[in-house]
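Note: the block below is protein.tsv and it holds TSV, C-alpha atoms and all ligand atoms.
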```
chain	number	residue	atom	x	y	z
A	1	MET	CA	-72.21	-25.33	-12.86
A	2	THR	CA	-74.03	-27.29	-15.56
A	3	ILE	CA	-72.01	-30.15	-16.96
A	4	GLN	CA	-72.53	-30.19	-20.71
A	5	GLN	CA	-69.24	-31.26	-22.27
A	6	VAL	CA	-67.42	-34.37	-21.13
A	7	MET	CA	-64.25	-36.16	-22.12
A	8	VAL	CA	-64.10	-39.91	-21.45
A	9	ILE	CA	-60.54	-41.26	-21.51
A	10	GLY	CA	-60.14	-44.87	-22.63
A	11	ALA	CA	-62.56	-46.41	-25.14
A	12	GLY	CA	-62.29	-49.94	-23.68
A	13	GLN	CA	-65.13	-51.85	-22.12
A	14	MET	CA	-65.68	-49.28	-19.34
A	15	GLY	CA	-64.93	-46.08	-21.27
A	16	SER	CA	-67.22	-47.03	-24.15
A	17	GLY	CA	-70.06	-47.79	-21.69
A	18	ILE	CA	-69.49	-44.52	-19.82
A	19	ALA	CA	-69.46	-42.55	-23.10
A	20	GLN	CA	-72.74	-44.25	-24.05
A	21	VAL	CA	-74.55	-43.31	-20.82
A	22	CYS	CA	-73.19	-39.73	-20.98
A	23	ALA	CA	-74.40	-39.31	-24.57
A	24	GLN	CA	-77.77	-40.90	-23.73
A	25	ALA	CA	-78.13	-38.31	-20.94
A	26	GLY	CA	-77.70	-35.55	-23.56
A	27	LEU	CA	-74.06	-34.61	-22.88
A	28	ALA	CA	-71.58	-33.85	-25.66
A	29	VAL	CA	-68.82	-36.46	-25.37
A	30	LYS	CA	-65.25	-36.60	-26.58
A	31	LEU	CA	-64.19	-40.24	-26.43
A	32	ASN	CA	-60.41	-40.33	-26.13
A	33	ASP	CA	-58.02	-43.22	-26.60
A	34	ILE	CA	-54.34	-43.53	-27.47
A	35	SER	CA	-55.29	-46.12	-30.07
A	36	GLU	CA	-57.57	-45.32	-33.00
A	37	GLU	CA	-58.38	-49.02	-33.29
A	38	SER	CA	-59.62	-49.07	-29.67
A	39	PHE	CA	-61.74	-45.99	-30.35
A	40	GLU	CA	-63.33	-47.67	-33.39
A	41	LYS	CA	-63.97	-50.84	-31.38
A	42	GLY	CA	-65.56	-48.76	-28.60
A	43	ILE	CA	-67.87	-47.02	-31.08
A	44	ARG	CA	-68.87	-50.39	-32.58
A	45	THR	CA	-69.82	-51.65	-29.11
A	46	ILE	CA	-71.88	-48.51	-28.41
A	47	THR	CA	-73.60	-48.81	-31.80
A	48	GLN	CA	-74.47	-52.47	-31.12
A	49	ASN	CA	-75.86	-51.62	-27.66
A	50	LEU	CA	-78.00	-48.80	-29.07
A	51	SER	CA	-79.20	-50.96	-31.99
A	52	ARG	CA	-80.37	-53.56	-29.45
A	53	ASN	CA	-82.32	-50.80	-27.67
A	54	VAL	CA	-83.98	-49.92	-30.99
A	55	VAL	CA	-84.89	-53.57	-31.67
A	56	LYS	CA	-86.32	-53.83	-28.14
A	57	GLY	CA	-88.43	-50.69	-28.71
A	58	ARG	CA	-86.67	-48.66	-26.01
A	59	MET	CA	-85.34	-46.09	-28.47
A	60	THR	CA	-86.11	-44.94	-32.01
A	61	GLU	CA	-83.58	-45.08	-34.86
A	62	THR	CA	-83.56	-41.25	-34.85
A	63	GLU	CA	-82.73	-41.18	-31.12
A	64	LYS	CA	-79.96	-43.72	-31.67
A	65	GLU	CA	-78.42	-41.56	-34.40
A	66	ALA	CA	-78.69	-38.48	-32.16
A	67	VAL	CA	-76.84	-40.28	-29.34
A	68	LEU	CA	-74.07	-41.41	-31.71
A	69	LYS	CA	-73.76	-37.87	-33.09
A	70	ARG	CA	-73.02	-36.59	-29.59
A	71	ILE	CA	-69.86	-38.74	-29.41
A	72	ASP	CA	-66.72	-37.31	-31.07
A	73	LYS	CA	-63.43	-39.04	-31.64
A	74	SER	CA	-60.40	-37.78	-29.73
A	75	LEU	CA	-56.85	-39.04	-30.00
A	76	SER	CA	-55.26	-36.16	-28.08
A	77	LEU	CA	-55.72	-35.02	-24.48
A	78	GLU	CA	-55.52	-31.44	-25.79
A	79	ASP	CA	-59.16	-31.92	-26.88
A	80	ALA	CA	-60.08	-31.58	-23.17
A	81	SER	CA	-59.49	-27.82	-23.35
A	82	GLY	CA	-63.22	-26.99	-23.40
A	83	VAL	CA	-64.82	-29.70	-21.27
A	84	ASP	CA	-66.60	-29.37	-17.91
A	85	LEU	CA	-65.83	-32.90	-16.75
A	86	VAL	CA	-63.30	-35.60	-17.57
A	87	ILE	CA	-64.00	-39.23	-16.66
A	88	GLU	CA	-60.80	-41.24	-16.97
A	89	ALA	CA	-61.15	-44.97	-17.70
A	90	ALA	CA	-57.68	-45.92	-18.98
A	91	VAL	CA	-55.71	-48.85	-17.58
A	92	GLU	CA	-55.58	-49.55	-13.81
A	93	ASN	CA	-52.07	-48.24	-13.31
A	94	MET	CA	-51.12	-45.37	-10.99
A	95	LYS	CA	-48.29	-44.06	-13.20
A	96	VAL	CA	-50.56	-43.92	-16.26
A	97	LYS	CA	-53.38	-42.25	-14.33
A	98	GLN	CA	-51.08	-39.69	-12.66
A	99	SER	CA	-49.54	-38.80	-16.00
A	100	ILE	CA	-53.00	-38.27	-17.52
A	101	PHE	CA	-54.22	-36.16	-14.57
A	102	LYS	CA	-51.08	-34.02	-14.57
A	103	GLN	CA	-51.62	-33.21	-18.25
A	104	LEU	CA	-55.35	-32.61	-17.76
A	105	ASP	CA	-54.61	-30.14	-14.95
A	106	GLU	CA	-52.67	-28.02	-17.47
A	107	ILE	CA	-55.09	-28.48	-20.41
A	108	THR	CA	-58.54	-28.07	-18.85
A	109	PRO	CA	-60.11	-24.79	-17.65
A	110	PRO	CA	-60.10	-24.08	-13.89
A	111	HIS	CA	-63.75	-25.14	-13.38
A	112	THR	CA	-63.29	-28.64	-14.87
A	113	ILE	CA	-63.91	-31.61	-12.57
A	114	LEU	CA	-61.46	-34.49	-13.02
A	115	ALA	CA	-62.97	-37.90	-12.22
A	116	SER	CA	-61.42	-41.35	-12.35
A	117	ASN	CA	-63.23	-44.64	-12.88
A	118	THR	CA	-60.39	-46.42	-11.09
A	119	SER	CA	-61.42	-49.75	-9.52
A	120	SER	CA	-59.10	-49.53	-6.57
A	121	LEU	CA	-56.37	-46.88	-6.76
A	122	PRO	CA	-56.36	-44.08	-4.14
A	123	ILE	CA	-58.10	-40.97	-5.47
A	124	THR	CA	-56.05	-38.85	-3.05
A	125	GLU	CA	-52.82	-40.01	-4.70
A	126	ILE	CA	-54.14	-39.31	-8.20
A	127	ALA	CA	-55.37	-35.88	-7.04
A	128	ALA	CA	-51.99	-35.05	-5.49
A	129	VAL	CA	-50.34	-34.55	-8.90
A	130	THR	CA	-52.84	-31.78	-9.75
A	131	LYS	CA	-53.19	-28.23	-8.46
A	132	ARG	CA	-56.92	-28.80	-7.95
A	133	PRO	CA	-57.26	-31.81	-5.60
A	134	GLU	CA	-60.63	-30.44	-4.39
A	135	GLN	CA	-61.97	-31.04	-7.92
A	136	VAL	CA	-60.73	-34.63	-8.24
A	137	ILE	CA	-63.14	-37.45	-7.42
A	138	GLY	CA	-63.72	-41.17	-8.00
A	139	MET	CA	-66.66	-42.18	-10.16
A	140	HIS	CA	-66.60	-45.98	-10.12
A	141	PHE	CA	-69.04	-47.41	-12.65
A	142	MET	CA	-69.77	-51.15	-12.77
A	143	ASN	CA	-69.42	-53.44	-15.76
A	144	PRO	CA	-71.46	-53.59	-18.02
A	145	VAL	CA	-71.99	-49.87	-17.58
A	146	PRO	CA	-75.26	-49.49	-19.53
A	147	VAL	CA	-76.89	-52.20	-17.36
A	148	MET	CA	-75.49	-51.85	-13.83
A	149	LYS	CA	-77.17	-49.34	-11.51
A	150	LEU	CA	-74.36	-48.62	-9.05
A	151	VAL	CA	-71.80	-45.84	-9.20
A	152	GLU	CA	-69.47	-45.77	-6.18
A	153	ILE	CA	-68.53	-42.14	-5.64
A	154	ILE	CA	-65.21	-41.78	-3.88
A	155	ARG	CA	-64.18	-38.69	-2.01
A	156	GLY	CA	-60.46	-38.02	-2.01
A	157	LEU	CA	-59.02	-36.36	1.09
A	158	ALA	CA	-59.50	-32.90	-0.44
A	159	THR	CA	-62.63	-33.42	-2.59
A	160	SER	CA	-65.01	-30.50	-1.97
A	161	ASP	CA	-68.67	-30.96	-0.99
A	162	GLU	CA	-69.66	-28.89	-4.02
A	163	VAL	CA	-67.89	-31.27	-6.42
A	164	TYR	CA	-69.31	-34.30	-4.62
A	165	THR	CA	-72.87	-32.94	-4.99
A	166	GLU	CA	-72.33	-32.11	-8.66
A	167	ILE	CA	-71.19	-35.68	-9.42
A	168	GLU	CA	-73.96	-37.19	-7.31
A	169	GLN	CA	-76.56	-35.23	-9.31
A	170	LEU	CA	-74.97	-36.22	-12.61
A	171	THR	CA	-75.05	-39.89	-11.59
A	172	LYS	CA	-78.80	-39.60	-10.95
A	173	LYS	CA	-79.20	-37.97	-14.37
A	174	PHE	CA	-77.63	-41.15	-15.79
A	175	GLU	CA	-80.46	-43.04	-13.99
A	176	LYS	CA	-77.89	-44.69	-11.77
A	177	VAL	CA	-77.62	-44.92	-8.00
A	178	PRO	CA	-74.73	-43.06	-6.33
A	179	VAL	CA	-73.23	-44.59	-3.18
A	180	GLU	CA	-70.75	-42.53	-1.18
A	181	VAL	CA	-67.52	-44.23	-0.18
A	182	ASN	CA	-64.31	-43.02	1.44
A	183	ASP	CA	-60.89	-43.37	-0.11
A	184	PHE	CA	-59.43	-46.72	0.94
A	185	PRO	CA	-57.79	-49.31	-1.36
A	186	GLY	CA	-60.48	-51.13	-3.37
A	187	PHE	CA	-63.16	-48.82	-1.90
A	188	VAL	CA	-66.08	-51.12	-1.00
A	189	ALA	CA	-66.91	-52.92	-4.26
A	190	ASN	CA	-63.52	-54.44	-4.93
A	191	ARG	CA	-62.46	-54.80	-1.30
A	192	VAL	CA	-65.28	-57.32	-1.05
A	193	LEU	CA	-65.57	-58.71	-4.59
A	194	MET	CA	-61.96	-59.20	-5.61
A	195	PRO	CA	-60.78	-61.33	-2.63
A	196	MET	CA	-63.71	-63.65	-3.46
A	197	ILE	CA	-62.57	-63.90	-7.08
A	198	ASN	CA	-58.94	-64.39	-5.98
A	199	GLU	CA	-60.05	-67.15	-3.59
A	200	ALA	CA	-61.98	-68.84	-6.41
A	201	ILE	CA	-58.76	-68.80	-8.46
A	202	TYR	CA	-56.91	-70.38	-5.50
A	203	THR	CA	-59.49	-73.17	-5.32
A	204	LEU	CA	-58.84	-73.87	-9.00
A	205	TYR	CA	-55.05	-73.61	-8.51
A	206	GLU	CA	-55.14	-76.04	-5.59
A	207	GLY	CA	-57.28	-78.53	-7.53
A	208	VAL	CA	-60.24	-78.30	-5.16
A	209	ALA	CA	-62.63	-78.41	-8.12
A	210	SER	CA	-62.85	-77.74	-11.87
A	211	LYS	CA	-63.50	-74.22	-13.11
A	212	GLU	CA	-67.04	-75.18	-14.13
A	213	ALA	CA	-67.71	-76.68	-10.68
A	214	ILE	CA	-66.42	-73.57	-8.89
A	215	ASP	CA	-68.64	-71.34	-11.00
A	216	ASP	CA	-71.65	-73.64	-10.53
A	217	VAL	CA	-71.26	-73.58	-6.74
A	218	MET	CA	-71.45	-69.80	-6.65
A	219	LYS	CA	-74.15	-69.49	-9.33
A	220	LEU	CA	-76.49	-72.19	-8.06
A	221	GLY	CA	-75.59	-72.04	-4.38
A	222	MET	CA	-75.37	-68.28	-3.89
A	223	ASN	CA	-77.52	-67.03	-6.77
A	224	HIS	CA	-74.66	-65.03	-8.29
A	225	PRO	CA	-75.51	-64.17	-11.92
A	226	MET	CA	-72.03	-65.27	-13.03
A	227	GLY	CA	-69.58	-67.64	-11.38
A	228	PRO	CA	-66.43	-65.91	-10.05
A	229	LEU	CA	-64.12	-67.27	-12.77
A	230	THR	CA	-66.55	-66.22	-15.52
A	231	LEU	CA	-66.81	-62.83	-13.83
A	232	ALA	CA	-63.00	-62.52	-13.64
A	233	ASP	CA	-62.81	-63.19	-17.40
A	234	PHE	CA	-65.56	-60.61	-17.92
A	235	ILE	CA	-63.79	-57.93	-15.84
A	236	GLY	CA	-60.36	-58.66	-17.39
A	237	LEU	CA	-57.66	-60.66	-15.60
A	238	ASP	CA	-55.17	-57.78	-15.90
A	239	THR	CA	-57.62	-55.51	-14.06
A	240	CYS	CA	-58.24	-58.22	-11.42
A	241	LEU	CA	-54.49	-58.55	-10.83
A	242	TYR	CA	-53.97	-54.78	-10.63
A	243	ILE	CA	-56.76	-54.57	-8.03
A	244	MET	CA	-55.32	-57.42	-5.93
A	245	GLU	CA	-51.88	-55.74	-6.06
A	246	THR	CA	-53.44	-52.49	-4.84
A	247	LEU	CA	-55.15	-54.28	-1.93
A	248	TYR	CA	-51.98	-56.23	-1.10
A	249	GLU	CA	-49.74	-53.16	-1.15
A	250	GLY	CA	-52.32	-50.79	0.30
A	251	PHE	CA	-53.09	-52.85	3.41
A	252	GLY	CA	-49.78	-54.74	3.67
A	253	ASP	CA	-51.80	-57.82	4.59
A	254	SER	CA	-50.93	-61.26	3.17
A	255	LYS	CA	-54.61	-62.16	2.91
A	256	TYR	CA	-54.71	-60.12	-0.30
A	257	ARG	CA	-51.82	-62.00	-1.99
A	258	PRO	CA	-52.73	-62.42	-5.68
A	259	CYS	CA	-53.00	-66.08	-6.69
A	260	PRO	CA	-49.93	-67.19	-8.71
A	261	LEU	CA	-52.28	-68.67	-11.32
A	262	LEU	CA	-53.77	-65.20	-11.90
A	263	ARG	CA	-50.27	-63.78	-12.41
A	264	LYS	CA	-49.40	-66.60	-14.79
A	265	TYR	CA	-52.48	-66.03	-16.96
A	266	VAL	CA	-51.83	-62.29	-17.15
A	267	LYS	CA	-48.17	-62.91	-18.08
A	268	ALA	CA	-49.38	-65.26	-20.83
A	269	GLY	CA	-51.66	-62.53	-22.20
A	270	TRP	CA	-54.74	-64.55	-21.25
A	271	LEU	CA	-56.74	-61.56	-20.06
A	272	GLY	CA	-60.20	-63.08	-20.35
A	273	ARG	CA	-63.04	-62.21	-22.69
A	274	LYS	CA	-61.24	-59.20	-24.22
A	275	THR	CA	-58.35	-61.32	-25.56
A	276	GLY	CA	-60.44	-64.42	-26.34
A	277	ARG	CA	-58.86	-66.54	-23.61
A	278	GLY	CA	-58.86	-66.56	-19.83
A	279	PHE	CA	-60.23	-69.30	-17.62
A	280	TYR	CA	-62.54	-70.03	-20.57
A	281	ASP	CA	-62.24	-69.57	-24.35
A	282	TYR	CA	-64.26	-66.90	-26.18
A	283	GLU	CA	-64.92	-65.86	-29.72
A	284	LEU	CA	-63.52	-62.37	-30.11
A	285	GLU	CA	-66.34	-59.85	-30.58
A	286	ASN	CA	-66.30	-57.02	-33.18
B	1	LIG	N1	-73.16	-54.45	-22.47
B	1	LIG	C1	-74.41	-53.93	-22.55
B	1	LIG	N2	-75.52	-54.62	-22.22
B	1	LIG	C2	-75.36	-55.90	-21.84
B	1	LIG	C3	-74.10	-56.51	-21.76
B	1	LIG	C4	-72.97	-55.73	-22.09
B	1	LIG	N3	-71.72	-56.21	-22.01
B	1	LIG	N4	-74.26	-57.79	-21.33
B	1	LIG	C5	-75.57	-57.97	-21.16
B	1	LIG	N5	-76.24	-56.84	-21.47
B	1	LIG	C6	-77.69	-56.63	-21.41
B	1	LIG	C7	-78.40	-57.56	-22.35
B	1	LIG	O1	-78.49	-57.03	-23.63
B	1	LIG	C8	-79.76	-57.69	-21.71
B	1	LIG	O2	-80.52	-56.56	-22.04
B	1	LIG	P1	-82.08	-56.68	-22.34
B	1	LIG	O3	-82.74	-56.63	-21.02
B	1	LIG	O4	-82.32	-55.52	-23.17
B	1	LIG	O5	-82.28	-57.97	-23.06
B	1	LIG	C9	-79.45	-57.61	-20.22
B	1	LIG	O6	-78.15	-57.00	-20.11
B	1	LIG	C10	-79.40	-59.00	-19.60
B	1	LIG	O7	-78.50	-59.77	-20.36
B	1	LIG	P2	-78.67	-61.30	-20.73
B	1	LIG	O8	-80.13	-61.66	-20.70
B	1	LIG	O9	-77.93	-61.57	-21.97
B	1	LIG	O10	-77.85	-62.06	-19.63
B	1	LIG	P3	-77.96	-62.02	-18.07
B	1	LIG	O11	-79.37	-61.98	-17.60
B	1	LIG	O12	-77.07	-63.10	-17.63
B	1	LIG	O13	-77.28	-60.63	-17.64
B	1	LIG	C11	-75.35	-59.53	-16.88
B	1	LIG	C12	-76.00	-60.27	-18.05
B	1	LIG	C13	-76.16	-58.27	-16.55
B	1	LIG	C14	-73.97	-59.13	-17.31
B	1	LIG	C15	-75.34	-60.50	-15.64
B	1	LIG	O14	-74.74	-61.72	-16.01
B	1	LIG	C16	-74.63	-59.93	-14.46
B	1	LIG	O15	-75.19	-59.13	-13.72
B	1	LIG	N6	-73.37	-60.35	-14.25
B	1	LIG	C17	-72.56	-59.87	-13.15
B	1	LIG	C18	-72.02	-58.50	-13.50
B	1	LIG	C19	-71.20	-57.93	-12.38
B	1	LIG	O16	-70.99	-58.50	-11.32
B	1	LIG	N7	-70.68	-56.71	-12.64
B	1	LIG	C20	-69.79	-56.07	-11.74
B	1	LIG	C21	-68.37	-56.44	-12.13
B	1	LIG	S1	-67.23	-55.76	-11.02
B	1	LIG	C22	-67.07	-54.19	-11.51
B	1	LIG	O17	-67.61	-53.74	-12.48
B	1	LIG	C23	-66.18	-53.35	-10.66
B	1	LIG	C24	-64.74	-53.45	-10.94
B	1	LIG	O18	-64.08	-52.46	-10.66
B	1	LIG	C25	-64.05	-54.64	-11.44
B	2	LIG	P1	-59.77	-51.95	-21.17
B	2	LIG	O1	-58.48	-52.67	-21.25
B	2	LIG	O2	-61.00	-52.59	-21.75
B	2	LIG	O3	-59.65	-50.50	-21.81
B	2	LIG	C1	-58.64	-49.58	-21.51
B	2	LIG	C2	-58.54	-48.60	-22.68
B	2	LIG	O4	-57.72	-47.51	-22.29
B	2	LIG	C3	-57.92	-49.22	-23.94
B	2	LIG	O5	-58.75	-48.96	-25.04
B	2	LIG	C4	-56.57	-48.49	-24.05
B	2	LIG	O6	-56.17	-48.31	-25.40
B	2	LIG	C5	-56.89	-47.17	-23.38
B	2	LIG	N1	-55.73	-46.46	-22.85
B	2	LIG	C6	-54.65	-46.98	-22.21
B	2	LIG	N2	-53.82	-45.98	-21.85
B	2	LIG	C7	-54.40	-44.82	-22.26
B	2	LIG	C8	-54.02	-43.45	-22.19
B	2	LIG	N3	-52.87	-43.08	-21.64
B	2	LIG	N4	-54.85	-42.52	-22.74
B	2	LIG	C9	-56.02	-42.89	-23.32
B	2	LIG	N5	-56.41	-44.17	-23.43
B	2	LIG	C10	-55.62	-45.12	-22.90
B	2	LIG	O7	-59.99	-51.66	-19.62
B	2	LIG	P2	-61.37	-51.44	-18.82
B	2	LIG	O8	-61.85	-52.74	-18.34
B	2	LIG	O9	-62.26	-50.55	-19.62
B	2	LIG	O10	-60.84	-50.65	-17.53
B	2	LIG	C11	-60.57	-49.26	-17.58
B	2	LIG	C12	-60.55	-48.68	-16.18
B	2	LIG	O11	-61.84	-48.93	-15.56
B	2	LIG	C13	-59.51	-49.29	-15.23
B	2	LIG	O12	-59.04	-48.31	-14.36
B	2	LIG	C14	-60.32	-50.35	-14.49
B	2	LIG	O13	-59.77	-50.67	-13.25
B	2	LIG	C15	-61.64	-49.63	-14.34
B	2	LIG	N6	-62.80	-50.51	-14.14
B	2	LIG	C16	-62.88	-51.69	-14.79
B	2	LIG	C17	-63.99	-52.50	-14.60
B	2	LIG	C18	-64.13	-53.82	-15.31
B	2	LIG	O14	-64.99	-54.62	-14.94
B	2	LIG	N7	-63.34	-54.11	-16.32
B	2	LIG	C19	-65.03	-52.07	-13.75
B	2	LIG	C20	-64.93	-50.83	-13.11
B	2	LIG	C21	-63.79	-50.05	-13.31
```

Before anything else, please render the file you have as C-alpha cells.
Ligand code: CAA
Ligand code: NAD
Amino acid sequence: MTIQQVMVIGAGQMGSGIAQVCAQAGLAVKLNDISEESFEKGIRTITQNLSRNVVKGRMTETEKEAVLKRIDKSLSLEDASGVDLVIEAAVENMKVKQSIFKQLDEITPPHTILASNTSSLPITEIAAVTKRPEQVIGMHFMNPVPVMKLVEIIRGLATSDEVYTEIEQLTKKFEKVPVEVNDFPGFVANRVLMPMINEAIYTLYEGVASKEAIDDVMKLGMNHPMGPLTLADFIGLDTCLYIMETLYEGFGDSKYRPCPLLRKYVKAGWLGRKTGRGFYDYELEN
C-alpha cells in the first residue's frame, strides 16, 4: 500500500508538527480538531516554521506555499472516509482516544492504518475498541516534531508485521529515525524521562533548590539542552501528569507517584508554555 492521504487528529503542538512533516513529505493532510480556533493556531505555527525555513534558505517560498496547500482543515472525523492513515494526537486520555478510534473504525476504509501519538497509553487497549487491532500502532513523535529525529514505534499485541513495516518506511520518508518498542506503560521514552521530571518537581516541592538551580544542575552538569522544569513546561504539565498517572496505574508501583505540586499546577490551569504559566511565566505565542 502507498500512503498518500493522512488525517492528523489534534492541531495542538504535536498534531501541528506531525501535519507539517507529513505535508513536507508530499502527503495530502487533513488536520482535524474539535476546535476551529485550535486548528487556526496550528496552521499559524506551521506557517511560522515554514517561513523560518524560507528565511534560512532551506525552502523556497513556492515550496512553502505547496506544503501549506497540502493541509486541509477538518472539523469532523467523517473526513477520514478516504484516508490511508490516521495519526491521532488529541489529549492524553484513554476515554478520548478510545472514542476517537471506535469512530474511526466505522468511518475509514478497511485498509486504513490507525496510529496514535500517545506518550504512554497502551496501544493494545486503544486497539481493543476496533475491529482491526492488527492495523493499530503507536507512532510516538518527539516535541518539537519538525526538529526531533526519533519516532518510537510501538507494536500493540496484535499489530501485524506488514503494518509495522509500512509505518517504519513512512517514518524514514519523514527523515526521522524509527525505534521499535513493545507495548508497556510509557514505552521507553517516558518510562525514563518522566520519572526524572517528576523527581525534579519533588526537589522543588521539598525546597531542595530553586527552580532555576534545579534546571541549571541538569543543563550544566548533565548537558541536557533544557532543564527538567523548563522541559516539563515545554511538554505541557497536563501531559506530564497524565503520563505519570499511566505509569503509576500501569505498574502499580509507588515510585511513579505524581508529585502533589504537579497536580496542584494542573488543577490551577498552569499547564506550562501553552497557557503562559507553569514553573515559569511565558508570553503567549500566536
Ligand atoms: N518548533 C519548530 N522548530 C523549533 C522549535 C519548535 N517549537 N523550537 C526550536 N526550533 C528550531 C529552531 O528554529 C532552530 O532551528 P534552526 O536550526 O533552523 O535555527 C533549532 O530548532 C534550534 O533552536 P534554538 O537555536 O532556538 O534553540 P536550541 O538550540 O535550544 O534548541 C530545542 C531548541 C531543539 C527545543 C532544544 O532546546 C531541545 O532539544 N530541547 C529538548 C527537547 C526534548 O527533550 N524533546 C523531547 C520532549 S519529550 C517528548 O516529546 C515525548 C513525550 O511524550 C512527552
Ligand atoms: P495539546 O494540548 O497541545 O493539543 C491537543 C489538541 O487536541 C488540542 O488542539 C485539542 O483541541 C485537540 N483535541 C482534543 N480532543 C480532541 C478530539 N476529540 N478530536 C480532535 N481534536 C481534539 O497537546 P499535545 O502536546 O499536542 O499532545 C497531544 C498528544 O501527543 C497527547 O496524546 C500527548 O501525550 C502526545 N505527545 C505529547 C508530547 C509533548 O511533548 N507535548 C510529545 C509526544 C507525544

Find, counting only C-alpha atoms and all ligand atoms, the residue in A:Gly156, A:Gly252, A:Pro185, A:Pro225 that gets nearest to ligand LIG 1 (chain B).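 Going through A:Gly156, A:Gly252, A:Pro185, A:Pro225 one by one, the smallest distance to ligand LIG 1 (chain B) is for A:Pro225.
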
Check which residues fall inside 6 Å of ligand LIG 2 (chain B) when counting only C-alpha atoms and all ligand atoms, and print them as a tab-separated table (two decimals) with C-alpha atoms, in the coordinates of the input.
```tsv
chain	number	residue	atom	x	y	z
A	9	ILE	CA	-60.54	-41.26	-21.51
A	10	GLY	CA	-60.14	-44.87	-22.63
A	11	ALA	CA	-62.56	-46.41	-25.14
A	12	GLY	CA	-62.29	-49.94	-23.68
A	13	GLN	CA	-65.13	-51.85	-22.12
A	14	MET	CA	-65.68	-49.28	-19.34
A	15	GLY	CA	-64.93	-46.08	-21.27
A	32	ASN	CA	-60.41	-40.33	-26.13
A	33	ASP	CA	-58.02	-43.22	-26.60
A	34	ILE	CA	-54.34	-43.53	-27.47
A	35	SER	CA	-55.29	-46.12	-30.07
A	38	SER	CA	-59.62	-49.07	-29.67
A	89	ALA	CA	-61.15	-44.97	-17.70
A	90	ALA	CA	-57.68	-45.92	-18.98
A	91	VAL	CA	-55.71	-48.85	-17.58
A	92	GLU	CA	-55.58	-49.55	-13.81
A	96	VAL	CA	-50.56	-43.92	-16.26
A	117	ASN	CA	-63.23	-44.64	-12.88
A	118	THR	CA	-60.39	-46.42	-11.09
A	119	SER	CA	-61.42	-49.75	-9.52
A	140	HIS	CA	-66.60	-45.98	-10.12
A	141	PHE	CA	-69.04	-47.41	-12.65
A	142	MET	CA	-69.77	-51.15	-12.77
A	143	ASN	CA	-69.42	-53.44	-15.76
A	235	ILE	CA	-63.79	-57.93	-15.84
A	236	GLY	CA	-60.36	-58.66	-17.39
A	239	THR	CA	-57.62	-55.51	-14.06
```

Residues of chain A that approach ligand LIG 1 (chain B) to 10 Å or less, counting only C-alpha atoms and all ligand atoms: could you list each one with the shortest pair of atoms and its distance in Å to one decimal, rows by chain and increasing residue number, as a tab-separated table?
```
residue	atom	partner	partner_atom	distance
A:Gln13	CA	B:LIG1	N3	7.9
A:Met14	CA	B:LIG1	O17	8.4
A:Ser16	CA	B:LIG1	N1	9.7
A:Gly17	CA	B:LIG1	N1	7.4
A:Gln20	CA	B:LIG1	C1	9.9
A:Thr45	CA	B:LIG1	N1	7.9
A:Ile46	CA	B:LIG1	C1	8.4
A:Gln48	CA	B:LIG1	C1	8.7
A:Asn49	CA	B:LIG1	C1	5.8
A:Leu50	CA	B:LIG1	C1	9.0
A:Arg52	CA	B:LIG1	O4	6.9
A:Asn53	CA	B:LIG1	O4	6.5
A:Val54	CA	B:LIG1	O4	9.8
A:Val55	CA	B:LIG1	O4	9.1
A:Lys56	CA	B:LIG1	O4	6.6
A:Gly57	CA	B:LIG1	O4	9.6
A:Arg58	CA	B:LIG1	O4	8.6
A:Glu92	CA	B:LIG1	O18	9.5
A:Asn117	CA	B:LIG1	O18	8.2
A:Thr118	CA	B:LIG1	O18	7.1
A:Ser119	CA	B:LIG1	O18	4.0
A:Ser120	CA	B:LIG1	O18	7.1
A:His140	CA	B:LIG1	O18	7.0
A:Phe141	CA	B:LIG1	O17	6.5
A:Met142	CA	B:LIG1	O17	3.4
A:Asn143	CA	B:LIG1	O17	3.8
A:Pro144	CA	B:LIG1	N3	4.8
A:Val145	CA	B:LIG1	N1	6.8
A:Pro146	CA	B:LIG1	C1	5.4
A:Val147	CA	B:LIG1	N2	5.6
A:Met148	CA	B:LIG1	N7	6.9
A:Lys149	CA	B:LIG1	N7	9.9
A:Leu150	CA	B:LIG1	O17	9.1
A:Val151	CA	B:LIG1	C23	9.5
A:Glu152	CA	B:LIG1	C23	9.4
A:Gly186	CA	B:LIG1	O18	8.2
A:Phe187	CA	B:LIG1	O18	9.5
A:Val188	CA	B:LIG1	C23	9.9
A:Ala189	CA	B:LIG1	C23	6.5
A:Asn190	CA	B:LIG1	O18	6.1
A:Arg191	CA	B:LIG1	O18	9.8
A:Leu193	CA	B:LIG1	S1	7.3
A:Met194	CA	B:LIG1	C25	7.7
A:His224	CA	B:LIG1	C17	7.4
A:Pro225	CA	B:LIG1	O14	4.8
A:Met226	CA	B:LIG1	N6	5.2
A:Gly227	CA	B:LIG1	C17	8.5
A:Pro228	CA	B:LIG1	O16	8.8
A:Thr230	CA	B:LIG1	C17	9.1
A:Leu231	CA	B:LIG1	C17	6.5
A:Ala232	CA	B:LIG1	C25	8.2
A:Phe234	CA	B:LIG1	C21	7.7
A:Ile235	CA	B:LIG1	C25	5.5
A:Gly236	CA	B:LIG1	C25	8.1
A:Leu237	CA	B:LIG1	C25	9.7
A:Thr239	CA	B:LIG1	C25	7.0
A:Cys240	CA	B:LIG1	C25	6.8
A:Ile243	CA	B:LIG1	C25	8.0
```

Between CA of Ile137 in chain A and CA of Glu78 in chain A, what distance in Å does the model show, to one decimal? 20.8 Å

To box range 53-57 of chain A, take all atoms listed in the file, fit an axis-aligned box, add 6 Å on each side, and give centre and edge lengths in Å to one decimal, as JSON.
```
{"center_x": -85.4, "center_y": -51.9, "center_z": -29.7, "size_x": 18.1, "size_y": 15.9, "size_z": 16.0}
```

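Atom pair CA of Asp161 in chain A / CA of Phe174 in chain A: separated by 20.1 Å.
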
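Counting only C-alpha atoms, the residue from A:His111, A:Ala158, A:Glu212, A:Leu204 that sits nearest to Asn182 in chain A is A:Ala158.
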
For Lys64 in chain A, find every residue with an atom within 9 Å (counting only C-alpha atoms), except residues of its own chain fewer than 3 positions away, and show them as JSON, numbers by chain. {"A": [24, 47, 50, 51, 53, 54, 59, 60, 61, 67, 68, 69]}

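Comparing the minimum interatomic distances between Ile113 in chain A and each of A:Arg263, A:Lys131, A:Lys173, A:Lys95, counting all atoms listed in the file, we find that A:Lys131 sits nearest.
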
What's around Ile214 in chain A at 10 Å? Count all atoms listed in the file, leave out sequence neighbours fewer than 2 positions away in its own chain, and write the answer as a ChimeraX atom specification. /A:200-201,203-204,208-212,216-219,227-230
